[in-house]
file run-v5.cif (mmCIF, C-alpha atoms)
data_data
loop_
_atom_site.label_atom_id
_atom_site.label_comp_id
_atom_site.auth_asym_id
_atom_site.auth_seq_id
_atom_site.Cartn_x
_atom_site.Cartn_y
_atom_site.Cartn_z
CA MET A 1 -13.67 144.91 -1.45
CA SER A 2 -12.99 148.11 -3.39
CA GLU A 3 -9.60 149.79 -3.39
CA THR A 4 -8.76 153.46 -3.02
CA ARG A 5 -5.88 155.33 -4.61
CA SER A 6 -4.61 158.49 -2.95
CA ALA A 7 -4.11 161.74 -4.81
CA LYS A 8 -0.36 161.49 -4.15
CA TRP A 9 -0.16 157.95 -5.63
CA PHE A 10 -2.14 159.05 -8.65
CA ALA A 11 -0.13 162.23 -9.22
CA GLU A 12 3.13 160.28 -9.27
CA LYS A 13 1.81 158.27 -12.24
CA ILE A 14 0.62 161.26 -14.31
CA SER A 15 3.30 162.99 -16.41
CA ASP A 16 1.08 164.83 -18.93
CA LYS A 17 -1.17 167.29 -17.07
CA SER A 18 -3.34 168.23 -20.04
CA ILE A 19 -6.96 167.04 -20.31
CA ARG A 20 -6.03 164.57 -23.00
CA GLY A 21 -2.89 163.45 -21.20
CA ILE A 22 -4.69 162.74 -17.93
CA ALA A 23 -7.40 160.78 -19.73
CA LEU A 24 -4.88 158.74 -21.73
CA GLU A 25 -2.57 158.00 -18.82
CA THR A 26 -5.47 157.07 -16.55
CA SER A 27 -6.82 154.67 -19.16
CA ALA A 28 -3.29 153.23 -19.53
CA LEU A 29 -3.15 152.59 -15.76
CA ILE A 30 -6.49 150.78 -15.99
CA ARG A 31 -5.33 148.70 -18.96
CA ALA A 32 -2.16 147.75 -17.07
CA GLY A 33 -4.16 146.62 -14.03
CA ALA A 34 -2.81 149.31 -11.70
CA LEU A 35 -6.39 150.59 -11.32
CA PRO A 36 -8.63 147.51 -11.26
CA VAL A 37 -12.41 147.64 -11.50
CA GLY A 38 -13.89 148.96 -8.26
CA THR A 39 -10.99 151.27 -7.45
CA LYS A 40 -12.10 154.62 -6.06
CA LEU A 41 -10.36 157.58 -7.71
CA PRO A 42 -9.17 160.50 -5.58
CA ALA A 43 -11.40 163.54 -5.20
CA ILE A 44 -11.04 165.99 -8.07
CA ARG A 45 -9.99 168.89 -5.84
CA ASP A 46 -7.42 166.79 -3.98
CA LEU A 47 -5.85 165.53 -7.21
CA ALA A 48 -5.88 168.98 -8.79
CA PHE A 49 -4.10 170.40 -5.73
CA VAL A 50 -1.34 167.78 -5.81
CA LEU A 51 -0.87 168.15 -9.58
CA GLY A 52 -0.96 171.93 -9.36
CA ILE A 53 -3.66 172.33 -12.00
CA SER A 54 -7.25 173.49 -12.22
CA PRO A 55 -10.00 171.14 -10.96
CA ALA A 56 -11.76 171.83 -14.26
CA THR A 57 -8.93 170.05 -16.10
CA ILE A 58 -9.41 166.90 -14.02
CA SER A 59 -13.19 167.15 -14.39
CA GLN A 60 -12.98 167.29 -18.19
CA ALA A 61 -10.57 164.36 -18.30
CA TRP A 62 -12.93 162.35 -16.11
CA SER A 63 -15.85 163.32 -18.37
CA GLU A 64 -14.06 161.77 -21.34
CA LEU A 65 -13.50 158.54 -19.42
CA ARG A 66 -17.16 158.52 -18.34
CA ARG A 67 -18.20 158.89 -21.95
CA GLN A 68 -16.16 155.79 -22.75
CA LYS A 69 -17.79 153.99 -19.78
CA ILE A 70 -14.38 153.44 -18.20
CA ILE A 71 -15.24 155.25 -14.96
CA SER A 72 -18.53 156.19 -13.35
CA GLY A 73 -19.70 158.57 -10.63
CA ARG A 74 -21.65 157.56 -7.56
CA GLY A 75 -22.87 160.96 -6.47
CA ARG A 76 -21.22 162.13 -3.29
CA ASN A 77 -19.56 158.75 -2.89
CA GLY A 78 -16.99 159.67 -5.54
CA THR A 79 -15.75 158.30 -8.86
CA TRP A 80 -14.89 154.67 -9.48
CA VAL A 81 -13.27 152.51 -12.15
CA SER A 82 -16.21 150.72 -13.73
CA GLY A 83 -14.67 149.03 -16.75
CA ASP A 84 -11.35 147.48 -17.68
CA ARG A 85 -12.32 146.35 -21.16
CA PHE A 86 -11.88 148.81 -23.99
CA ILE A 87 -13.57 148.67 -27.33
CA ALA A 88 -10.77 149.92 -29.55
CA LYS A 89 -11.84 152.50 -32.08
CA PRO A 90 -9.52 154.42 -34.40
CA GLU A 91 -11.09 157.81 -33.75
CA ARG A 92 -9.45 159.71 -36.60
CA LEU A 93 -10.05 157.04 -39.21
CA ALA A 94 -13.55 156.23 -37.94
CA SER A 95 -14.62 159.88 -38.16
CA SER A 96 -14.26 159.88 -41.95
CA GLY A 97 -17.68 160.41 -43.45
CA ASN A 98 -19.71 158.61 -46.06
CA TYR A 99 -20.02 161.41 -48.57
CA GLY A 100 -22.48 159.84 -50.99
CA GLU A 101 -22.99 160.49 -54.67
CA GLY A 102 -22.11 163.78 -56.27
CA VAL A 103 -19.28 164.59 -53.84
CA LEU A 104 -15.69 164.70 -55.03
CA ASN A 105 -13.99 162.69 -52.29
CA LEU A 106 -10.40 163.84 -51.82
CA THR A 107 -9.98 162.47 -48.31
CA SER A 108 -8.15 159.22 -49.05
CA ALA A 109 -4.53 159.43 -50.18
CA VAL A 110 -4.66 156.07 -51.93
CA PRO A 111 -3.27 154.81 -55.24
CA ASP A 112 -5.24 154.92 -58.47
CA VAL A 113 -6.23 151.28 -59.02
CA ARG A 114 -5.71 151.78 -62.75
CA LEU A 115 -2.02 152.42 -62.09
CA LEU A 116 -1.33 149.25 -60.09
CA PRO A 117 0.27 146.16 -61.61
CA GLN A 118 -1.93 143.26 -62.68
CA LEU A 119 -1.92 140.42 -60.16
CA GLU A 120 -3.15 137.39 -62.09
CA LYS A 121 0.24 135.90 -63.01
CA ALA A 122 1.78 136.87 -59.69
CA LEU A 123 -0.97 135.17 -57.68
CA ALA A 124 -0.83 132.06 -59.86
CA TYR A 125 2.89 131.89 -59.12
CA GLY A 126 2.27 132.54 -55.42
CA ALA A 127 -0.08 129.57 -55.21
CA SER A 128 2.94 127.30 -55.65
CA ALA A 129 5.00 128.91 -52.87
CA ASP A 130 7.32 126.71 -50.85
CA ASP A 131 5.84 125.23 -47.65
CA LEU A 132 2.35 126.31 -48.66
CA ASN A 133 -0.26 125.58 -45.95
CA SER A 134 2.40 124.77 -43.40
CA TYR A 135 1.69 125.93 -39.84
CA GLU A 136 5.34 126.78 -39.35
CA ARG A 137 5.58 130.38 -38.15
CA SER A 138 8.16 131.51 -40.66
CA ARG A 139 9.26 135.13 -40.62
CA ILE A 140 9.67 135.75 -44.34
CA LEU A 141 10.03 133.71 -47.52
CA PRO A 142 13.65 133.62 -48.72
CA GLU A 143 12.64 134.80 -52.21
CA LEU A 144 10.86 137.87 -50.81
CA GLU A 145 13.79 138.66 -48.54
CA ALA A 146 16.16 138.40 -51.51
CA ALA A 147 13.96 140.70 -53.60
CA ALA A 148 13.67 143.24 -50.76
CA ARG A 149 17.41 143.23 -50.03
CA ARG A 150 18.21 144.44 -53.56
CA THR A 151 17.06 147.98 -52.73
CA TRP A 152 17.13 147.98 -48.91
CA PRO A 153 18.87 151.12 -47.62
CA TYR A 154 21.20 149.26 -45.23
CA GLU A 155 22.31 145.73 -44.33
CA PRO A 156 20.13 144.51 -41.43
CA GLU A 157 20.46 141.34 -39.40
CA ALA A 158 16.89 140.10 -39.91
CA PHE A 159 13.71 140.65 -41.94
CA LEU A 160 10.04 140.03 -41.17
CA ALA A 161 7.01 140.04 -43.49
CA THR A 162 3.88 141.63 -42.01
CA ASN A 163 0.28 142.17 -43.10
CA GLY A 164 0.84 145.74 -44.26
CA GLY A 165 2.67 148.81 -42.99
CA TYR A 166 0.21 149.82 -40.28
CA ASN A 167 0.05 146.22 -39.11
CA ALA A 168 3.82 146.35 -38.73
CA VAL A 169 3.64 149.49 -36.59
CA TYR A 170 0.74 148.15 -34.51
CA THR A 171 2.49 144.84 -33.91
CA LEU A 172 5.90 146.22 -33.00
CA LEU A 173 4.41 148.80 -30.63
CA HIS A 174 2.51 146.08 -28.78
CA ALA A 175 5.60 143.89 -28.70
CA LEU A 176 8.07 146.57 -27.58
CA VAL A 177 6.25 149.55 -26.03
CA THR A 178 4.22 149.43 -22.83
CA PRO A 179 1.13 151.59 -22.13
CA GLY A 180 2.08 154.87 -20.50
CA ALA A 181 5.52 155.01 -22.13
CA SER A 182 6.53 158.05 -24.21
CA VAL A 183 6.86 157.93 -28.00
CA ALA A 184 8.19 160.80 -30.10
CA ILE A 185 6.64 161.26 -33.54
CA GLU A 186 6.61 163.83 -36.32
CA ASN A 187 3.94 166.50 -36.13
CA PRO A 188 1.93 166.35 -38.36
CA THR A 189 1.90 162.65 -39.17
CA ALA A 190 -0.37 159.96 -40.58
CA MET A 191 -3.68 159.91 -38.71
CA ARG A 192 -3.62 156.11 -38.46
CA LEU A 193 -0.26 156.25 -36.69
CA LEU A 194 -1.81 158.59 -34.12
CA ASP A 195 -4.81 156.25 -33.77
CA ILE A 196 -2.45 153.33 -33.09
CA LEU A 197 -0.41 155.29 -30.54
CA GLU A 198 -3.50 156.55 -28.73
CA ASP A 199 -5.01 153.08 -28.63
CA ARG A 200 -1.77 151.80 -27.12
CA GLY A 201 -2.12 154.42 -24.39
CA VAL A 202 1.32 155.97 -24.82
CA ARG A 203 2.31 159.54 -24.18
CA ILE A 204 2.80 161.20 -27.57
CA LEU A 205 5.69 163.65 -27.86
CA PRO A 206 5.25 165.82 -30.99
CA VAL A 207 8.38 166.63 -33.00
CA GLN A 208 7.88 169.66 -35.20
CA CYS A 209 9.01 169.61 -38.83
CA ASP A 210 10.04 171.89 -41.67
CA ARG A 211 10.50 171.08 -45.35
CA ASN A 212 13.68 169.10 -44.58
CA GLY A 213 12.12 166.85 -41.97
CA PRO A 214 11.89 166.71 -38.18
CA LEU A 215 13.63 169.60 -36.45
CA PRO A 216 16.64 168.42 -34.42
CA SER A 217 15.90 171.02 -31.75
CA SER A 218 12.35 169.71 -31.36
CA LEU A 219 13.57 166.12 -31.18
CA GLN A 220 16.16 167.18 -28.61
CA ASN A 221 13.38 168.64 -26.49
CA ALA A 222 11.36 165.43 -26.80
CA MET A 223 14.40 163.39 -25.73
CA LYS A 224 14.27 165.06 -22.31
CA TYR A 225 11.27 162.84 -21.60
CA LYS A 226 13.24 159.68 -22.47
CA PRO A 227 10.98 158.33 -25.24
CA VAL A 228 10.98 154.58 -25.77
CA ALA A 229 10.73 155.16 -29.52
CA PHE A 230 10.99 157.84 -32.21
CA LEU A 231 8.71 157.22 -35.20
CA PHE A 232 9.24 159.12 -38.44
CA GLN A 233 9.07 158.86 -42.23
CA PRO A 234 12.58 159.37 -43.63
CA ARG A 235 11.87 158.99 -47.33
CA LEU A 236 8.57 160.73 -47.96
CA HIS A 237 6.21 162.25 -45.44
CA SER A 238 2.79 160.83 -46.24
CA VAL A 239 0.97 164.04 -45.20
CA THR A 240 3.15 166.94 -46.33
CA GLY A 241 4.92 165.29 -49.27
CA GLN A 242 8.33 166.40 -47.99
CA SER A 243 11.45 164.25 -47.70
CA VAL A 244 14.10 164.19 -44.99
CA SER A 245 17.35 165.55 -46.39
CA LYS A 246 20.60 163.64 -45.86
CA THR A 247 22.00 166.51 -43.80
CA ARG A 248 18.89 166.54 -41.59
CA LEU A 249 19.04 162.76 -41.19
CA ASP A 250 22.63 163.07 -39.93
CA SER A 251 21.57 165.80 -37.49
CA LEU A 252 18.75 163.63 -36.14
CA ALA A 253 21.25 160.80 -35.68
CA ASP A 254 23.44 163.09 -33.59
CA VAL A 255 20.49 163.84 -31.31
CA LEU A 256 19.65 160.15 -30.96
CA ASP A 257 23.25 159.13 -30.33
CA GLY A 258 23.92 157.99 -26.77
CA SER A 259 20.27 157.09 -26.08
CA ASP A 260 18.54 153.71 -26.15
CA THR A 261 15.46 155.05 -27.99
CA LEU A 262 14.08 152.71 -30.65
CA ILE A 263 14.11 154.32 -34.11
CA ILE A 264 11.09 153.35 -36.23
CA GLU A 265 11.38 154.34 -39.89
CA ASP A 266 8.10 154.17 -41.80
CA ASP A 267 8.38 154.07 -45.61
CA GLY A 268 4.67 153.82 -46.28
CA VAL A 269 4.50 155.57 -49.66
CA ALA A 270 7.50 153.57 -50.91
CA ASP A 271 8.48 153.84 -54.58
CA ILE A 272 5.68 156.26 -55.35
CA SER A 273 8.44 158.60 -54.21
CA ALA A 274 11.37 159.35 -56.47
CA ALA A 275 13.45 160.28 -53.43
CA PRO A 276 16.34 157.92 -52.62
CA ARG A 277 15.85 155.50 -49.76
CA HIS A 278 17.99 156.15 -46.71
CA SER A 279 18.05 154.97 -43.14
CA LEU A 280 19.74 155.33 -39.77
CA GLY A 281 20.22 151.56 -39.81
CA ASP A 282 23.92 151.81 -40.66
CA ARG A 283 24.53 153.98 -37.62
CA PHE A 284 22.16 152.28 -35.17
CA PRO A 285 21.67 148.71 -36.47
CA ASP A 286 20.75 147.40 -33.01
CA ARG A 287 17.67 149.63 -32.59
CA VAL A 288 16.45 150.78 -36.01
CA ILE A 289 13.24 149.19 -37.27
CA HIS A 290 12.79 150.01 -40.96
CA ILE A 291 9.38 149.34 -42.53
CA LEU A 292 8.57 149.24 -46.26
CA SER A 293 4.94 148.89 -47.32
CA TYR A 294 3.97 147.54 -50.73
CA SER A 295 0.34 148.68 -50.53
CA LYS A 296 0.75 151.85 -52.58
CA THR A 297 2.96 150.27 -55.25
CA LEU A 298 1.88 146.64 -55.68
CA GLY A 299 -1.66 146.90 -54.33
CA PRO A 300 -3.37 147.11 -50.95
CA ASP A 301 -4.98 143.67 -51.28
CA LEU A 302 -1.56 142.04 -51.12
CA ARG A 303 -1.65 143.16 -47.45
CA LEU A 304 2.12 143.16 -47.35
CA ALA A 305 5.01 145.03 -45.82
CA VAL A 306 8.53 144.04 -44.85
CA LEU A 307 10.44 145.28 -41.82
CA SER A 308 14.05 144.87 -40.80
CA SER A 309 15.92 145.21 -37.53
CA SER A 310 18.31 143.35 -35.27
CA GLN A 311 17.82 139.64 -34.75
CA VAL A 312 16.74 140.28 -31.15
CA ILE A 313 14.08 142.86 -32.03
CA VAL A 314 12.65 140.83 -34.91
CA GLU A 315 12.41 137.83 -32.60
CA GLN A 316 10.50 139.93 -30.04
CA ILE A 317 8.05 141.13 -32.68
CA GLN A 318 7.60 137.63 -34.07
CA SER A 319 7.02 136.29 -30.56
CA TYR A 320 4.13 138.74 -30.10
CA ARG A 321 2.69 137.74 -33.49
CA SER A 322 2.53 134.16 -32.29
CA PHE A 323 -0.52 135.13 -30.24
CA SER A 324 -2.44 135.74 -33.48
CA ALA A 325 -1.78 134.86 -37.13
CA GLY A 326 1.86 133.99 -36.54
CA TRP A 327 2.94 134.50 -40.15
CA THR A 328 2.00 136.39 -43.30
CA SER A 329 0.43 134.49 -46.19
CA ARG A 330 3.10 132.68 -48.20
CA ILE A 331 0.94 133.04 -51.30
CA LEU A 332 1.00 136.82 -51.00
CA GLN A 333 4.69 136.92 -50.11
CA SER A 334 5.59 134.80 -53.12
CA ALA A 335 3.34 136.87 -55.41
CA ALA A 336 5.07 140.05 -54.24
CA ALA A 337 8.49 138.52 -54.84
CA TRP A 338 7.40 137.64 -58.39
CA LEU A 339 6.21 141.20 -59.00
CA LEU A 340 9.44 142.69 -57.65
CA ARG A 341 11.44 140.57 -60.12
CA ASP A 342 9.13 141.31 -63.06
CA PRO A 343 10.42 144.10 -65.37
CA ALA A 344 6.83 145.02 -66.26
CA THR A 345 6.18 145.94 -62.62
CA GLU A 346 8.95 148.52 -62.69
CA GLU A 347 7.60 149.96 -65.94
CA THR A 348 4.13 150.21 -64.42
CA LEU A 349 5.57 151.88 -61.34
CA GLU A 350 7.60 154.41 -63.34
CA ARG A 351 4.47 155.39 -65.27
CA ALA A 352 2.41 155.65 -62.08
CA ARG A 353 5.08 157.72 -60.34
CA ALA A 354 5.12 160.22 -63.20
CA ILE A 355 1.32 160.50 -63.30
CA TYR A 356 1.03 160.97 -59.53
CA GLN A 357 3.68 163.66 -59.64
CA LYS A 358 1.94 165.48 -62.47
CA ARG A 359 -1.40 165.41 -60.64
CA ARG A 360 0.16 166.87 -57.52
CA ASP A 361 2.18 169.43 -59.47
CA ASP A 362 -0.89 170.49 -61.46
CA LEU A 363 -2.77 171.26 -58.25
CA THR A 364 0.25 173.07 -56.82
CA SER A 365 0.52 175.25 -59.93
CA ALA A 366 -3.22 175.97 -59.97
CA LEU A 367 -3.14 176.98 -56.29
CA ARG A 368 -0.15 179.26 -56.74
CA ALA A 369 -1.91 180.90 -59.67
CA ARG A 370 -4.63 181.75 -57.14
CA ASN A 371 -2.11 183.08 -54.58
CA VAL A 372 -2.35 180.04 -52.31
CA ALA A 373 1.05 179.22 -50.81
CA VAL A 374 1.83 175.51 -50.99
CA GLU A 375 5.09 173.59 -50.92
CA ASP A 376 6.47 171.47 -53.73
CA GLY A 377 6.67 167.80 -52.89
CA MET A 378 5.82 164.25 -53.92
CA GLY A 379 3.32 161.60 -53.05
CA LEU A 380 -0.44 161.28 -53.07
CA CYS A 381 -1.64 164.43 -51.33
CA SER A 382 -1.08 168.13 -50.73
CA TRP A 383 -0.87 169.86 -47.33
CA VAL A 384 -2.52 173.26 -47.72
CA PRO A 385 -2.32 176.03 -45.07
CA VAL A 386 -5.59 177.87 -44.41
CA SER A 387 -6.57 180.80 -42.20
CA SER A 388 -9.38 178.91 -40.48
CA GLU A 389 -9.71 175.14 -40.62
CA PRO A 390 -13.46 175.07 -39.76
CA PHE A 391 -14.22 177.71 -42.39
CA ALA A 392 -12.15 175.85 -44.97
CA MET A 393 -13.97 172.58 -44.31
CA VAL A 394 -17.42 174.20 -44.58
CA THR A 395 -16.45 176.03 -47.76
CA MET A 396 -15.13 172.91 -49.45
CA ALA A 397 -18.19 170.91 -48.40
CA ALA A 398 -20.49 173.59 -49.83
CA ARG A 399 -18.77 173.13 -53.18
CA GLY A 400 -19.21 169.37 -53.06
CA ILE A 401 -15.57 168.59 -52.29
CA ALA A 402 -14.56 166.47 -49.30
CA VAL A 403 -11.08 166.88 -47.78
CA HIS A 404 -9.57 166.10 -44.40
CA PRO A 405 -9.00 168.76 -41.72
CA GLY A 406 -5.40 169.10 -40.64
CA ALA A 407 -6.38 168.39 -37.04
CA LYS A 408 -6.68 164.69 -37.88
CA PHE A 409 -2.96 164.55 -38.52
CA SER A 410 -1.77 166.55 -35.54
CA ILE A 411 -1.98 166.51 -31.75
CA SER A 412 -1.63 170.29 -31.61
CA PRO A 413 -3.81 173.00 -33.17
CA SER A 414 -3.68 173.03 -36.96
CA ASN A 415 -4.87 175.30 -39.71
CA HIS A 416 -4.43 173.09 -42.74
CA ILE A 417 -6.43 170.85 -45.01
CA ARG A 418 -5.09 167.69 -46.58
CA VAL A 419 -6.13 167.19 -50.17
CA ALA A 420 -5.64 163.78 -51.78
CA THR A 421 -4.22 164.08 -55.30
CA GLY A 422 -3.58 160.46 -56.30
CA ASN A 423 -6.91 160.15 -58.11
CA LEU A 424 -7.30 163.83 -59.05
CA SER A 425 -7.16 164.00 -62.83
CA ASP A 426 -9.65 166.19 -64.68
CA ARG A 427 -11.08 168.50 -61.98
CA CYS A 428 -7.92 170.21 -60.82
CA GLU A 429 -9.05 173.77 -61.64
CA GLU A 430 -12.39 173.25 -59.87
CA VAL A 431 -10.61 171.99 -56.76
CA ALA A 432 -8.15 174.88 -56.82
CA ASP A 433 -11.04 177.36 -57.04
CA GLY A 434 -12.63 175.80 -53.97
CA ILE A 435 -9.39 175.79 -51.98
CA ALA A 436 -8.69 179.41 -52.88
CA LEU A 437 -12.08 180.40 -51.44
CA ALA A 438 -11.49 178.20 -48.41
CA CYS A 439 -8.21 179.96 -47.68
CA THR A 440 -9.74 183.43 -47.42
CA PRO A 441 -12.51 183.63 -44.79
CA PRO A 442 -14.68 186.80 -44.91
#
call {"tool": "encode", "arguments": {"input": "run-v5.cif", "output": "structure tokens"}}
result
Amino acid sequence: MSETRSAKWFAEKISDKSIRGIALETSALIRAGALPVGTKLPAIRDLAFVLGISPATISQAWSELRRQKIISGRGRNGTWVSGDRFIAKPERLASSGNYGEGVLNLTSAVPDVRLLPQLEKALAYGASADDLNSYERSRILPELEAAARRTWPYEPEAFLATNGGYNAVYTLLHALVTPGASVAIENPTAMRLLDILEDRGVRILPVQCDRNGPLPSSLQNAMKYKPVAFLFQPRLHSVTGQSVSKTRLDSLADVLDGSDTLIIEDDGVADISAAPRHSLGDRFPDRVIHILSYSKTLGPDLRLAVLSSSQVIVEQIQSYRSFSAGWTSRILQSAAAWLLRDPATEETLERARAIYQKRRDDLTSALRARNVAVEDGMGLCSWVPVSSEPFAMVTMAARGIAVHPGAKFSISPSNHIRVATGNLSDRCEEVADGIALACTPP
């Protein structure tokens, strides 16, 4: 027998009254089992009246869920939940095109493979790791923990090796954050972080930023909605190339003081940045989760990141991992530990850091010479303001240059393009010419 949910019941569960918010929170209710298959949804006009919004808003939200085959209409008989299984798809990442030959692809902010350390000796060493091929679900190899601790920005209770930085975020969110909960995050931010949050079905609270990091006033506003977690990049913002200043970090800590909000610190660019590592872990050791990815520095095929937190939180994350792989390859952990102890790795990294910085600085200088206002910064990309994002994208494409629209990195309107600079070496002037045209629509 089918169930029916009243408009009043439904309205009590919806906190975000935007089209996107209604669609996300409805899908979260279905995932959680609160709206099982066969449930009849309230009439659009009734729900719109109770929520105090336009029926068109509900209609558009329902249209998105119909497109995903989550709900279906039965004519005058109403709208029903028709599916409780979701095929996860990272919309922002999946929408990246295959640009083909002859196109300068500046969409991926990835390391230059020629600037990564050689892995042969490290992997040979890793093949003799302790407890190799054991099914014991160990959290982290002692030698990797020791190597990580040497430069860790605070003294945590526990460490955990994961299969990369995004895997760490994905895993901890599933272990600690329920669908429908609120999560505060920098705006803009990494598109894959937004994909993960949207797939989890959480309510995303954008925290606006300036060149010193997230704005305390914006975080304070987000805290009114009692977010379960605040996710930010304290060392180097992977999109804008800016770093959180020590003064700003202290101000953010003051806002977070007195709450029970989890604090997730994502150091995804790692030592590509020359900025010092810092953390709120000293102030909030019981609820900070600090993540360091080695993909950009040691190589993405090591599939490795390390996170730290309290013993309780690490145990919760590890417990969730037991449903799947359960542990990260000891071969790869041991290889990473070898690389972190190897003086040649640091020399390779210092050289790479200087080259990446020069490539980004060269583009910045070329753009300023063409009266395009861009911020100084570090990392593997440049965040360029434009007058019209659609015009900028068409203009760049016409010149055979592929970049990402700023909208992929934001949940609010954006007029930016993100230009990857990590592999930009000998075509800087050409790219600057294209961007200058893209910034000035007719």
call {"tool": "resolve_selection", "arguments": {"input": "run-v5.cif", "expression": "the PyMOL selection byres ((chain A and resi 403) around 12)", "output": "ChimeraX atom specification"}}
result
/A:96-97,99,103-109,381-384,389-390,392-402,404-408,416-421,431,434-435,438
call {"tool": "resolve_selection", "arguments": {"input": "run-v5.cif", "expression": "the PyMOL selection byres ((chain A and resi 439) around 8)", "output": "PyMOL selection string"}}
result
chain A and resi 372+385-388+392+435-438+440-441
call {"tool": "write_last_selection", "arguments": {"input": "run-v5.cif", "atoms": "C-alpha atoms", "output": "compact mmCIF listing (two decimals), in the frame of the given file"}}
result
# COMPACT_ATOMS: atom_id res chain seq x y z
CA VAL A 372 -2.35 180.04 -52.31
CA PRO A 385 -2.32 176.03 -45.07
CA VAL A 386 -5.59 177.87 -44.41
CA SER A 387 -6.57 180.80 -42.20
CA SER A 388 -9.38 178.91 -40.48
CA ALA A 392 -12.15 175.85 -44.97
CA ILE A 435 -9.39 175.79 -51.98
CA ALA A 436 -8.69 179.41 -52.88
CA LEU A 437 -12.08 180.40 -51.44
CA ALA A 438 -11.49 178.20 -48.41
CA THR A 440 -9.74 183.43 -47.42
CA PRO A 441 -12.51 183.63 -44.79
call {"tool": "resolve_selection", "arguments": {"input": "run-v5.cif", "expression": "the PyMOL selection byres ((chain A and resi 225) around 10)", "output": "list in words"}}
result
Ser15, Ala181, Ser182, Val183, Ala184, Arg203, Leu205, Gln220, Asn221, Ala222, Met223, Lys224, Lys226, Pro227 and Val228 of chain A
call {"tool": "write_last_selection", "arguments": {"input": "run-v5.cif", "atoms": "C-alpha atoms", "output": "PDB file, in the coordinates of the input"}}
result
ATOM      1  CA  SER A  15       3.300 162.990 -16.410  1.00  0.00           C
ATOM      2  CA  ALA A 181       5.520 155.010 -22.130  1.00  0.00           C
ATOM      3  CA  SER A 182       6.530 158.050 -24.210  1.00  0.00           C
ATOM      4  CA  VAL A 183       6.860 157.930 -28.000  1.00  0.00           C
ATOM      5  CA  ALA A 184       8.190 160.800 -30.100  1.00  0.00           C
ATOM      6  CA  ARG A 203       2.310 159.540 -24.180  1.00  0.00           C
ATOM      7  CA  LEU A 205       5.690 163.650 -27.860  1.00  0.00           C
ATOM      8  CA  GLN A 220      16.160 167.180 -28.610  1.00  0.00           C
ATOM      9  CA  ASN A 221      13.380 168.640 -26.490  1.00  0.00           C
ATOM     10  CA  ALA A 222      11.360 165.430 -26.800  1.00  0.00           C
ATOM     11  CA  MET A 223      14.400 163.390 -25.730  1.00  0.00           C
ATOM     12  CA  LYS A 224      14.270 165.060 -22.310  1.00  0.00           C
ATOM     13  CA  LYS A 226      13.240 159.680 -22.470  1.00  0.00           C
ATOM     14  CA  PRO A 227      10.980 158.330 -25.240  1.00  0.00           C
ATOM     15  CA  VAL A 228      10.980 154.580 -25.770  1.00  0.00           C
TER      16      VAL A 228
END
call {"tool": "residues_around", "arguments": {"input": "run-v5.cif", "residues": "Ile411 of chain A", "least_positions_apart": "5", "cutoff": "9 Å", "atoms": "only C-alpha atoms", "output": "ChimeraX atom specification"}}
result
/A:187-188,194,204,206
call {"tool": "closest_residue", "arguments": {"input": "run-v5.cif", "among": "A:Leu307, A:Ser322, A:Asn371, A:Cys428", "to": "Lys358 of chain A", "atoms": "only C-alpha atoms"}}
result
A:Cys428
call {"tool": "closest_atom_pairs", "arguments": {"input": "run-v5.cif", "of": "segment 146-235 of chain A", "to": "segment 21-30 of chain A", "cutoff": "8 Å", "atoms": "all atoms listed in the file", "output": "tab-separated table"}}
result
residue	atom	partner	partner_atom	distance
A:Pro179	CA	A:Ala28	CA	5.4
A:Gly180	CA	A:Ala28	CA	5.7
A:Glu198	CA	A:Leu24	CA	7.5
A:Arg200	CA	A:Ala28	CA	7.9
A:Gly201	CA	A:Ala28	CA	5.1
A:Val202	CA	A:Glu25	CA	7.4
A:Arg203	CA	A:Gly21	CA	7.2
call {"tool": "residues_around", "arguments": {"input": "run-v5.cif", "residues": "segment 290-306 of chain A", "least_positions_apart": "3", "cutoff": "6 Å", "atoms": "only C-alpha atoms", "output": "PyMOL selection string"}}
result
chain A and resi 111+160-165+265-268+332
call {"tool": "axis_aligned_box", "arguments": {"input": "run-v5.cif", "around": "segment 391-404 of chain A", "padding_each_side": "8 Å", "output": "JSON"}}
result
{"center_x": -15.0, "center_y": 171.9, "center_z": -47.8, "size_x": 26.9, "size_y": 27.6, "size_z": 26.8}
